[in-house]
$ cat my_file_33.txt   # compact mmCIF, C-alpha atoms
# COMPACT_ATOMS: atom_id res chain seq x y z
CA PHE A 3 -25.07 19.54 12.70
CA GLY A 4 -24.54 23.08 13.99
CA PHE A 5 -22.99 25.94 12.05
CA PRO A 6 -20.90 24.90 9.00
CA LYS A 7 -18.78 28.07 9.05
CA LYS A 8 -17.46 27.01 12.47
CA TYR A 9 -16.45 23.50 11.38
CA SER A 10 -12.76 22.55 11.54
CA TRP A 11 -11.08 19.23 10.93
CA SER A 12 -7.80 17.40 10.26
CA ASN A 13 -7.01 13.86 9.10
CA SER A 14 -4.29 11.48 10.26
CA ALA A 15 -2.76 10.53 6.91
CA ARG A 16 -2.52 11.31 3.22
CA THR A 17 -2.24 8.67 0.51
CA ASP A 18 -1.04 8.51 -3.09
CA LYS A 19 -3.63 8.80 -5.84
CA GLY A 20 -5.33 5.42 -6.30
CA VAL A 21 -4.42 4.22 -2.78
CA HIS A 22 -7.27 3.14 -0.52
CA SER A 23 -7.80 3.90 3.16
CA CYS A 24 -9.31 1.74 5.86
CA ALA A 25 -8.17 3.60 8.98
CA GLN A 26 -8.35 7.30 8.27
CA VAL A 27 -8.78 9.12 11.59
CA CYS A 28 -10.33 12.59 11.44
CA SER A 29 -10.52 15.09 14.28
CA VAL A 30 -13.57 17.30 13.86
CA LYS A 31 -14.91 20.34 15.65
CA ILE A 32 -18.62 20.16 15.06
CA MET A 33 -21.96 20.35 16.86
CA PHE A 34 -23.87 17.05 16.92
CA PRO A 35 -27.64 16.68 17.18
CA SER A 36 -27.29 13.98 19.83
CA GLU A 37 -24.88 12.81 22.55
CA ASP A 38 -25.47 9.24 21.39
CA PHE A 39 -22.47 8.84 19.07
CA ASP A 40 -23.63 5.47 17.76
CA LYS A 41 -26.82 7.15 16.61
CA VAL A 42 -24.87 10.01 15.02
CA ARG A 43 -22.53 7.55 13.32
CA GLU A 44 -25.51 5.77 11.79
CA MET A 45 -27.01 9.09 10.68
CA ILE A 46 -23.78 10.02 8.90
CA ASN A 47 -23.36 6.61 7.30
CA ALA A 48 -26.90 6.79 5.96
CA GLN A 49 -25.77 9.75 3.81
CA LEU A 50 -22.55 8.13 2.55
CA PRO A 51 -21.94 5.77 -0.39
CA ASP A 52 -21.38 2.14 0.60
CA ASP A 53 -17.60 2.34 0.06
CA ILE A 54 -17.20 5.10 2.67
CA ALA A 55 -18.16 4.54 6.30
CA VAL A 56 -17.60 5.93 9.78
CA ALA A 57 -16.50 3.01 11.97
CA ASP A 58 -16.30 4.80 15.32
CA MET A 59 -16.79 8.18 17.00
CA LEU A 60 -15.10 9.31 20.22
CA LYS A 61 -14.91 12.56 22.15
CA VAL A 62 -11.40 14.03 22.52
CA PRO A 63 -9.91 17.19 24.09
CA ARG A 64 -10.30 20.39 22.11
CA SER A 65 -6.52 20.48 21.48
CA PHE A 66 -6.41 17.07 19.76
CA CYS A 67 -5.20 17.01 16.14
CA ALA A 68 -5.33 13.70 14.23
CA ARG A 69 -2.49 14.71 11.92
CA THR A 70 0.10 15.81 14.49
CA GLN A 71 -0.68 13.37 17.29
CA ARG A 72 -0.53 10.14 15.31
CA ASP A 73 2.58 8.18 16.40
CA LYS A 74 2.82 5.62 13.64
CA VAL A 75 0.83 4.13 10.82
CA ARG A 76 0.35 0.71 9.27
CA TYR A 77 -0.20 0.08 5.57
CA GLN A 78 -1.12 -3.14 3.84
CA TYR A 79 0.13 -3.98 0.37
CA MET A 80 -1.40 -6.92 -1.45
CA LEU A 81 0.46 -8.49 -4.32
CA PRO A 82 -0.66 -11.42 -6.46
CA SER A 83 1.57 -14.46 -6.11
CA PHE A 84 2.35 -14.54 -9.83
CA ALA A 85 4.35 -11.32 -9.30
CA LEU A 86 7.09 -13.43 -7.67
CA GLN A 87 7.82 -15.51 -10.77
CA SER A 88 11.29 -15.22 -12.27
CA SER A 89 12.07 -13.10 -15.32
CA GLU A 90 12.38 -16.24 -17.42
CA GLN A 91 8.99 -17.55 -16.31
CA LEU A 92 7.27 -14.23 -16.96
CA ARG A 93 8.82 -13.70 -20.37
CA ASP A 94 7.87 -17.22 -21.42
CA ILE A 95 4.25 -16.62 -20.39
CA TYR A 96 3.98 -13.27 -22.18
CA GLU A 97 5.54 -14.80 -25.29
CA SER A 98 3.38 -17.92 -25.32
CA VAL A 99 0.08 -16.10 -24.65
CA LEU A 100 0.58 -12.98 -26.75
CA VAL A 101 2.39 -14.55 -29.69
CA GLY A 102 1.56 -18.25 -29.59
CA GLY A 103 -2.00 -17.98 -28.31
CA LEU A 104 -3.29 -14.69 -29.72
CA GLY A 105 -1.03 -14.22 -32.72
CA GLY A 106 0.22 -10.85 -31.54
CA LYS A 107 3.68 -9.60 -30.62
CA VAL A 108 5.60 -8.65 -27.49
CA THR A 109 7.51 -5.63 -28.80
CA GLY A 110 6.23 -2.17 -29.71
CA ARG A 111 3.59 -1.96 -26.99
CA SER A 112 2.62 1.13 -25.02
CA VAL A 113 4.09 1.50 -21.56
CA LYS A 114 0.90 3.02 -20.12
CA ASP A 115 -1.63 0.68 -21.72
CA PRO A 116 0.15 -2.35 -23.19
CA PHE A 117 -2.78 -4.78 -23.51
CA THR A 118 -6.30 -5.06 -24.86
CA SER A 119 -9.01 -6.43 -22.59
CA GLU A 120 -8.87 -9.74 -24.48
CA GLU A 121 -5.12 -10.00 -23.87
CA ILE A 122 -5.50 -9.20 -20.17
CA LYS A 123 -8.10 -11.95 -19.76
CA ALA A 124 -5.88 -14.47 -21.58
CA LEU A 125 -2.86 -13.59 -19.44
CA GLN A 126 -4.87 -13.70 -16.23
CA ALA A 127 -6.15 -17.16 -17.13
CA THR A 128 -2.53 -18.31 -17.18
CA PHE A 129 -1.40 -16.42 -14.08
CA ARG A 130 -4.47 -17.37 -12.03
CA GLY A 131 -3.29 -20.89 -11.29
CA TYR A 132 0.12 -19.86 -9.98
CA ARG A 133 0.79 -20.52 -6.30
CA ALA A 134 3.78 -19.04 -4.55
CA THR A 135 6.36 -21.53 -3.32
CA GLU A 136 7.85 -21.42 0.17
CA ASP A 137 11.07 -20.23 -1.42
CA ASN A 138 9.16 -17.37 -3.10
CA VAL A 139 7.71 -16.27 0.23
CA ASN A 140 10.97 -16.66 2.15
CA GLN A 141 12.81 -14.57 -0.44
CA LEU A 142 10.16 -11.86 -0.10
CA LYS A 143 10.41 -11.94 3.70
CA ALA A 144 14.20 -11.58 3.52
CA ALA A 145 13.87 -8.63 1.15
CA LEU A 146 11.30 -6.80 3.29
CA GLU A 147 13.43 -7.35 6.40
CA VAL A 148 16.13 -5.12 4.84
CA TYR A 149 13.89 -2.07 5.27
CA LYS A 150 13.63 -2.33 9.07
CA GLY A 151 15.27 0.46 11.04
CA THR A 152 16.21 4.01 10.09
CA HIS A 153 17.45 4.51 6.53
CA LYS A 154 17.72 7.24 3.92
CA PHE A 155 14.89 6.62 1.44
CA HIS A 156 15.87 9.28 -1.13
CA ASN A 157 15.81 6.57 -3.81
CA TYR A 158 12.23 5.61 -2.91
CA THR A 159 10.53 8.93 -3.57
CA SER A 160 10.77 12.01 -5.77
CA GLY A 161 12.62 15.27 -5.19
CA LYS A 162 14.73 14.11 -2.23
CA LYS A 163 18.51 14.09 -1.90
CA PHE A 164 20.57 11.93 0.41
CA ASP A 165 21.49 14.85 2.64
CA ASP A 166 17.88 15.93 3.10
CA ALA A 167 16.97 15.26 6.72
CA SER A 168 13.42 14.41 5.66
CA ALA A 169 14.71 11.50 3.53
CA ALA A 170 15.40 9.53 6.73
CA ARG A 171 12.49 7.33 7.78
CA TYR A 172 12.07 4.73 10.54
CA ILE A 173 10.45 1.42 9.62
CA LEU A 174 9.36 -0.61 12.64
CA SER A 175 8.37 -3.77 10.75
CA PHE A 176 7.61 -5.12 7.28
CA THR A 177 6.00 -8.56 7.41
CA VAL A 178 4.29 -11.11 5.19
CA LYS A 179 0.88 -12.46 6.20
CA ASP A 180 -0.92 -15.68 5.27
CA ARG A 181 -1.80 -16.05 1.61
CA VAL A 182 -5.42 -15.76 0.50
CA VAL A 183 -7.21 -16.94 -2.65
CA ASP A 184 -9.92 -14.67 -4.07
CA LYS A 185 -13.23 -15.67 -5.63
CA HIS A 186 -11.60 -15.59 -9.08
CA GLY A 187 -9.02 -18.21 -8.07
CA MET A 188 -6.07 -15.78 -7.82
CA GLU A 189 -3.68 -16.18 -4.88
CA TRP A 190 -2.62 -13.01 -3.04
CA ILE A 191 0.15 -12.28 -0.52
CA PRO A 192 -0.74 -9.53 2.00
CA THR A 193 2.17 -7.59 3.51
CA LEU A 194 2.09 -5.13 6.42
CA VAL A 195 4.49 -2.24 6.95
CA VAL A 196 4.56 -0.14 10.12
CA GLY A 197 6.43 3.17 10.23
CA GLN A 198 6.32 6.59 11.80
CA SER A 199 5.59 8.24 8.46
CA PHE A 200 6.20 7.69 4.76
CA LEU A 201 7.31 9.71 1.76
CA LEU A 202 5.45 10.09 -1.53
CA HIS A 203 5.41 6.73 -3.38
CA GLN A 204 7.78 5.27 -0.76
CA ILE A 205 5.88 2.09 0.05
CA ARG A 206 5.10 1.34 -3.59
CA LYS A 207 8.77 1.74 -4.54
CA MET A 208 9.81 -0.40 -1.57
CA MET A 209 7.46 -3.13 -2.74
CA SER A 210 8.69 -2.88 -6.33
CA MET A 211 12.32 -3.34 -5.25
CA ALA A 212 11.45 -6.13 -2.80
CA MET A 213 9.46 -8.02 -5.45
CA ASP A 214 12.37 -7.74 -7.88
CA ALA A 215 14.78 -9.01 -5.24
CA ALA A 216 12.46 -11.89 -4.32
CA ARG A 217 12.17 -13.08 -7.93
CA GLY A 218 15.84 -12.62 -8.78
CA ALA A 219 15.66 -9.48 -10.93
CA SER A 220 17.46 -7.53 -8.18
CA SER A 221 19.10 -8.63 -4.93
CA VAL A 222 19.26 -7.92 -1.21
CA ASP A 223 22.74 -6.46 -1.67
CA ILE A 224 21.40 -3.95 -4.20
CA MET A 225 18.59 -3.08 -1.80
CA LYS A 226 21.10 -2.36 0.97
CA SER A 227 23.15 -0.17 -1.34
CA SER A 228 20.06 1.91 -2.16
CA PHE A 229 20.34 3.61 1.24
CA SER A 230 23.80 5.01 0.40
CA ASP A 231 24.59 8.53 -0.77
CA SER A 232 24.42 7.53 -4.44
CA TYR A 233 21.28 7.22 -6.56
CA LEU A 234 19.36 4.25 -7.86
CA ASN A 235 16.36 4.19 -10.16
CA VAL A 236 13.53 2.25 -8.54
CA ASN A 237 10.22 1.61 -10.26
CA THR A 238 6.84 2.16 -8.58
CA ALA A 239 4.50 -0.78 -7.93
CA PRO A 240 0.76 -0.36 -8.71
CA ALA A 241 -1.19 1.89 -6.36
CA GLN A 242 -4.14 -0.50 -6.46
CA GLY A 243 -2.51 -2.98 -4.06
CA LEU A 244 -1.94 -0.47 -1.26
CA PHE A 245 -4.19 0.80 1.50
CA LEU A 246 -3.88 2.61 4.82
CA GLU A 247 -4.76 -0.07 7.37
CA MET A 248 -4.28 1.35 10.89
CA SER A 249 -3.37 4.59 12.67
CA TYR A 250 -1.81 4.59 16.14
CA PHE A 251 -2.05 7.19 18.93
CA ASP A 252 -0.09 5.48 21.71
CA ASN A 253 1.50 8.62 23.16
CA PHE A 254 -1.83 10.42 23.23
CA ASN A 255 -3.46 7.47 24.98
CA ARG A 256 -0.82 7.60 27.74
CA ARG A 257 -1.56 11.24 28.55
CA PRO A 258 -3.39 11.96 31.81
CA ASN A 259 -7.02 12.85 31.24
CA ALA A 260 -6.79 11.73 27.62
CA GLY A 261 -10.37 10.49 27.76
CA ASP A 262 -11.49 7.66 25.50
CA GLN A 263 -8.62 5.56 24.17
CA LEU A 264 -7.92 5.93 20.45
CA ASP A 265 -7.19 2.23 20.03
CA TRP A 266 -8.76 0.10 17.32
CA HIS A 267 -6.23 -2.73 17.29
CA SER A 268 -5.75 -4.11 20.83
CA ASP A 269 -9.20 -5.69 21.32
CA GLU A 270 -10.12 -7.68 18.22
CA ASN A 271 -13.68 -8.16 19.47
CA ALA A 272 -14.48 -4.51 20.18
CA PRO A 273 -17.53 -3.40 18.13
CA ALA A 274 -15.63 -0.63 16.30
CA THR A 275 -12.73 -2.99 15.52
CA LEU A 276 -15.13 -5.56 14.10
CA ARG A 277 -16.74 -2.88 11.92
CA TRP A 278 -13.25 -1.85 10.74
CA LYS A 279 -12.28 -5.46 9.99
CA ASN A 280 -15.48 -6.17 8.07
CA PHE A 281 -15.04 -3.00 5.99
CA LYS A 282 -11.42 -3.90 5.25
CA GLU A 283 -12.19 -7.44 4.13
CA GLU A 284 -15.54 -6.91 2.42
CA LYS A 285 -14.93 -3.55 0.76
CA ILE A 286 -11.24 -2.79 0.33
CA MET A 287 -9.60 -6.18 -0.10
CA THR A 288 -12.44 -7.41 -2.29
CA HIS A 289 -12.24 -4.25 -4.37
CA ILE A 290 -8.48 -4.69 -4.89
CA MET A 291 -8.99 -8.27 -6.05
CA ASP A 292 -11.90 -7.38 -8.36
CA GLU A 293 -9.97 -4.41 -9.74
CA GLU A 294 -7.07 -6.65 -10.74
CA GLU A 295 -9.50 -9.08 -12.37
CA SER A 296 -11.07 -6.30 -14.46
CA GLN A 297 -8.04 -4.09 -15.15
CA GLY A 298 -4.96 -6.32 -14.90
CA ASN A 299 -2.80 -3.65 -13.24
CA PHE A 300 -0.17 -6.13 -12.03
CA VAL A 301 -0.25 -7.99 -15.36
CA SER A 302 0.67 -4.73 -17.13
CA TYR A 303 3.15 -3.66 -14.44
CA LEU A 304 5.17 -6.87 -14.72
CA PHE A 305 5.16 -6.68 -18.51
CA VAL A 306 6.68 -3.18 -18.33
CA GLN A 307 9.20 -4.41 -15.75
CA GLU A 308 10.36 -7.18 -18.05
CA ASN A 309 10.17 -5.51 -21.45
CA HIS A 310 10.79 -1.80 -20.94
CA LEU A 311 13.17 -1.57 -17.97
CA LYS A 312 16.80 -2.63 -18.10
CA TYR A 313 17.87 -4.28 -14.88
CA ASP A 314 21.53 -3.50 -15.48
CA ASN A 315 20.49 0.03 -14.51
CA TYR A 316 20.07 -1.16 -10.94
CA GLU A 317 23.48 0.43 -10.51
CA LEU A 318 24.45 3.30 -8.27
CA VAL A 319 25.08 6.59 -10.05
CA ASP A 320 26.13 10.06 -8.94
CA GLU A 321 22.92 11.73 -10.09
CA LYS A 322 19.37 10.47 -10.34
CA ILE A 323 18.35 9.89 -13.95
CA SER A 324 15.14 8.80 -15.64
CA ARG A 325 14.50 5.13 -16.26
CA PRO A 326 15.14 4.12 -19.89
CA ARG A 327 11.97 3.24 -21.79
$ encode --input "my_file_33.txt" --output "structure tokens"
Amino acid sequence: FGFPKKYSWSNSARTDKGVHSCAQVCSVKIMFPSEDFDKVREMINAQLPDDIAVADMLKVPRSFCARTQRDKVRYQYMLPSFALQSSEQLRDIYESVLVGGLGGKVTGRSVKDPFTSEEIKALQATFRGYRATEDNVNQLKAALEVYKGTHKFHNYTSGKKFDDASAARYILSFTVKDRVVDKHGMEWIPTLVVGQSFLLHQIRKMMSMAMDAARGASSVDIMKSSFSDSYLNVNTAPAQGLFLEMSYFDNFNRRPNAGDQLDWHSDENAPATLRWKNFKEEKIMTHIMDEEESQGNFVSYLFVQENHLKYDNYELVDEKISRPR
């Protein structure tokens, strides 16, 4: 592969710690041992672990940079349907399982690691049978619709003020896809958000607020007020449900003499798109589902939401303050 000291590269996106990626585009200056890129792709994949793979390789102009020439990006966030239950439903379940079933208690638990593995399994057994109602899904759709357009997202990240120009972000769409049931019997709701770029933790905080609005712990009106010049404390949903799903290079593709099109979404039957789809479904989505089964990240997240956070603090304040614990 040429001379390592001459290598250079850039990638199209960065993700939070714990967030997966299914459409990371890298531009690389490197010497290949063959002009047959399919052969080179297979050679590289043979050296990689099975949860990392090169889906496609294309030749681009020397000036191309994956980071600066990406127009927009699409992320998928998967949430289990039980996350849309009301506060009353969730508190009843935690009480009945932890106290009634296991003889434990609800209070005095750690925020970071509230449950034992036995407790997680018992809670999952109860949550596993829940199926979202049409009202659940419609409430979630209405909440996600609020994010469309250009807004100030200073309340959905860290270290940003309302008057920071970089706090403004443009969201093209935030949609809900068809529900899926995993091999463990848990129902999941995939959501897709498309934007030009995102701030640190932004999508996870957007999902946290939207889930709370959908299940009645917050409201659409509160969501709308979060874009104002005041501050609102918004929790962060688990990283495990989020992954980078697609990168777009539409402006680059329209350039004269752009060469091969950087397009992995228009033709669903293109070989590279099929490899991307199979990797997404068989590796990433399956991993997210298995990870929840083994770790109970959403089970713990919802417990903290209901027992350590005070929803009356979904109130606008003049300065951003820490969430009460």
$ residues_around --input "my_file_33.txt" --residues "A:Ala85" --least-positions-apart "4" --cutoff "8 Å" --atoms "only C-alpha atoms" --output "PyMOL selection string"
chain A and resi 81+213+300+304
$ atom_distance --input "my_file_33.txt" --atom1 "atom CA of A:Arg217" --atom2 "atom CA of A:Pro82"
13.0 Å
$ residues_around --input "my_file_33.txt" --residues "A:Gly131" --least-positions-apart "2" --cutoff "9 Å" --atoms "all atoms listed in the file" --output "compact mmCIF listing (two decimals) with C-alpha atoms, in the coordinates of the input"
# COMPACT_ATOMS: atom_id res chain seq x y z
CA PHE A 84 2.35 -14.54 -9.83
CA GLN A 126 -4.87 -13.70 -16.23
CA ALA A 127 -6.15 -17.16 -17.13
CA THR A 128 -2.53 -18.31 -17.18
CA PHE A 129 -1.40 -16.42 -14.08
CA ARG A 133 0.79 -20.52 -6.30
CA GLY A 187 -9.02 -18.21 -8.07
CA MET A 188 -6.07 -15.78 -7.82
CA GLU A 189 -3.68 -16.18 -4.88
$ atom_distance --input "my_file_33.txt" --atom1 "atom CA of A:Arg181" --atom2 "atom CA of A:Gly243"
14.3 Å
$ closest_residue --input "my_file_33.txt" --among "A:Phe245, A:Gln307, A:Cys67, A:Tyr316" --to "A:Met225" --atoms "all atoms listed in the file"
A:Tyr316
$ closest_residue --input "my_file_33.txt" --among "A:Gly103, A:Arg130, A:Pro116, A:Met248" --to "A:Val183" --atoms "all atoms listed in the file"
A:Arg130
$ residues_around --input "my_file_33.txt" --residues "A:Asp184" --least-positions-apart "6" --cutoff "9 Å" --atoms "only C-alpha atoms" --output "number ranges by chain"
A: 190, 288, 291-292
$ atom_distance --input "my_file_33.txt" --atom1 "atom CA of A:Glu270" --atom2 "atom CA of A:Lys282"
13.6 Å
$ closest_residue --input "my_file_33.txt" --among "A:Val196, A:Ala57, A:Ala167, A:Leu142" --to "A:Phe39" --atoms "all atoms listed in the file"
A:Ala57
$ closest_residue --input "my_file_33.txt" --among "A:Ser232, A:Ser112, A:Ser160, A:Thr193" --to "A:Lys143" --atoms "all atoms listed in the file"
A:Thr193
$ closest_residue --input "my_file_33.txt" --among "A:Asp166, A:Asp214, A:Glu37, A:Asp73" --to "A:Leu86" --atoms "only C-alpha atoms"
A:Asp214
$ closest_residue --input "my_file_33.txt" --among "A:Ala241, A:Ala68, A:Ala274, A:Met80" --to "A:Ala55" --atoms "all atoms listed in the file"
A:Ala274
$ residues_around --input "my_file_33.txt" --residues "A:Lys207" --least-positions-apart "5" --cutoff "10 Å" --atoms "only C-alpha atoms" --output "PyMOL selection string"
chain A and resi 155+157-159+202+212-213+235-240
$ residues_around --input "my_file_33.txt" --residues "stretch 51-54 of chain A" --least-positions-apart "5" --cutoff "9 Å" --atoms "all atoms listed in the file" --output "list in words"
Phe281, Lys285 and Ile286 of chain A
$ write_last_selection --input "my_file_33.txt" --atoms "C-alpha atoms" --output "mmCIF file, in the coordinates of the input"
data_model
loop_
_atom_site.group_PDB
_atom_site.id
_atom_site.type_symbol
_atom_site.label_atom_id
_atom_site.label_comp_id
_atom_site.auth_asym_id
_atom_site.auth_seq_id
_atom_site.Cartn_x
_atom_site.Cartn_y
_atom_site.Cartn_z
ATOM 1 C CA PHE A 281 -15.040 -3.000 5.990
ATOM 2 C CA LYS A 285 -14.930 -3.550 0.760
ATOM 3 C CA ILE A 286 -11.240 -2.790 0.330
#
$ decode --input "my_file_33.txt" --residues "stretch 117-136 of chain A" --atoms "N, CA, C and O atoms" --output "short mmCIF file (atom, residue, chain, number, x, y, z; two decimals), in the first residue's frame"
data_model
loop_
_atom_site.label_atom_id
_atom_site.label_comp_id
_atom_site.auth_asym_id
_atom_site.auth_seq_id
_atom_site.Cartn_x
_atom_site.Cartn_y
_atom_site.Cartn_z
N PHE A 117 -29.05 -0.80 38.87
CA PHE A 117 -29.60 -2.16 38.98
C PHE A 117 -28.52 -3.24 38.93
O PHE A 117 -27.47 -3.07 38.31
N THR A 118 -28.84 -4.36 39.56
CA THR A 118 -28.03 -5.57 39.40
C THR A 118 -28.47 -6.26 38.11
O THR A 118 -29.51 -5.94 37.54
N SER A 119 -27.69 -7.22 37.67
CA SER A 119 -28.05 -7.94 36.44
C SER A 119 -29.36 -8.70 36.62
O SER A 119 -30.16 -8.82 35.68
N GLU A 120 -29.61 -9.20 37.83
CA GLU A 120 -30.87 -9.91 38.10
C GLU A 120 -32.05 -8.96 37.98
O GLU A 120 -33.09 -9.32 37.41
N GLU A 121 -31.89 -7.74 38.49
CA GLU A 121 -32.98 -6.76 38.42
C GLU A 121 -33.24 -6.32 36.99
O GLU A 121 -34.40 -6.15 36.58
N ILE A 122 -32.16 -6.16 36.20
CA ILE A 122 -32.34 -5.78 34.79
C ILE A 122 -33.13 -6.85 34.05
O ILE A 122 -34.05 -6.55 33.28
N LYS A 123 -32.78 -8.11 34.26
CA LYS A 123 -33.49 -9.20 33.59
C LYS A 123 -34.96 -9.24 33.98
O LYS A 123 -35.84 -9.49 33.15
N ALA A 124 -35.25 -9.01 35.26
CA ALA A 124 -36.63 -9.02 35.73
C ALA A 124 -37.42 -7.86 35.13
O ALA A 124 -38.58 -8.03 34.72
N LEU A 125 -36.82 -6.69 35.05
CA LEU A 125 -37.50 -5.54 34.46
C LEU A 125 -37.70 -5.72 32.95
O LEU A 125 -38.77 -5.41 32.41
N GLN A 126 -36.70 -6.26 32.29
CA GLN A 126 -36.83 -6.49 30.85
C GLN A 126 -37.93 -7.49 30.54
O GLN A 126 -38.63 -7.36 29.54
N ALA A 127 -38.08 -8.48 31.39
CA ALA A 127 -39.14 -9.47 31.19
C ALA A 127 -40.51 -8.82 31.20
O ALA A 127 -41.43 -9.24 30.48
N THR A 128 -40.65 -7.76 32.00
CA THR A 128 -41.91 -7.02 32.06
C THR A 128 -42.06 -6.08 30.88
O THR A 128 -43.12 -6.00 30.25
N PHE A 129 -40.98 -5.37 30.55
CA PHE A 129 -41.03 -4.39 29.46
C PHE A 129 -41.14 -5.05 28.09
O PHE A 129 -41.66 -4.47 27.15
N ARG A 130 -40.63 -6.26 27.97
CA ARG A 130 -40.50 -6.92 26.66
C ARG A 130 -41.84 -7.06 25.94
O ARG A 130 -41.89 -6.98 24.71
N GLY A 131 -42.90 -7.26 26.66
CA GLY A 131 -44.19 -7.48 26.01
C GLY A 131 -44.91 -6.21 25.62
O GLY A 131 -45.98 -6.28 24.99
N TYR A 132 -44.34 -5.04 25.96
CA TYR A 132 -45.05 -3.80 25.65
C TYR A 132 -44.99 -3.49 24.15
O TYR A 132 -43.95 -3.64 23.51
N ARG A 133 -46.12 -3.08 23.61
CA ARG A 133 -46.20 -2.66 22.22
C ARG A 133 -46.76 -1.25 22.16
O ARG A 133 -47.77 -0.95 22.79
N ALA A 134 -46.08 -0.39 21.45
CA ALA A 134 -46.50 1.00 21.35
C ALA A 134 -47.87 1.11 20.70
O ALA A 134 -48.17 0.40 19.74
N THR A 135 -48.69 1.98 21.22
CA THR A 135 -50.01 2.24 20.64
C THR A 135 -49.86 3.26 19.52
O THR A 135 -48.85 3.94 19.39
N GLU A 136 -50.90 3.38 18.70
CA GLU A 136 -50.88 4.39 17.64
C GLU A 136 -50.78 5.79 18.23
O GLU A 136 -50.12 6.67 17.66
#
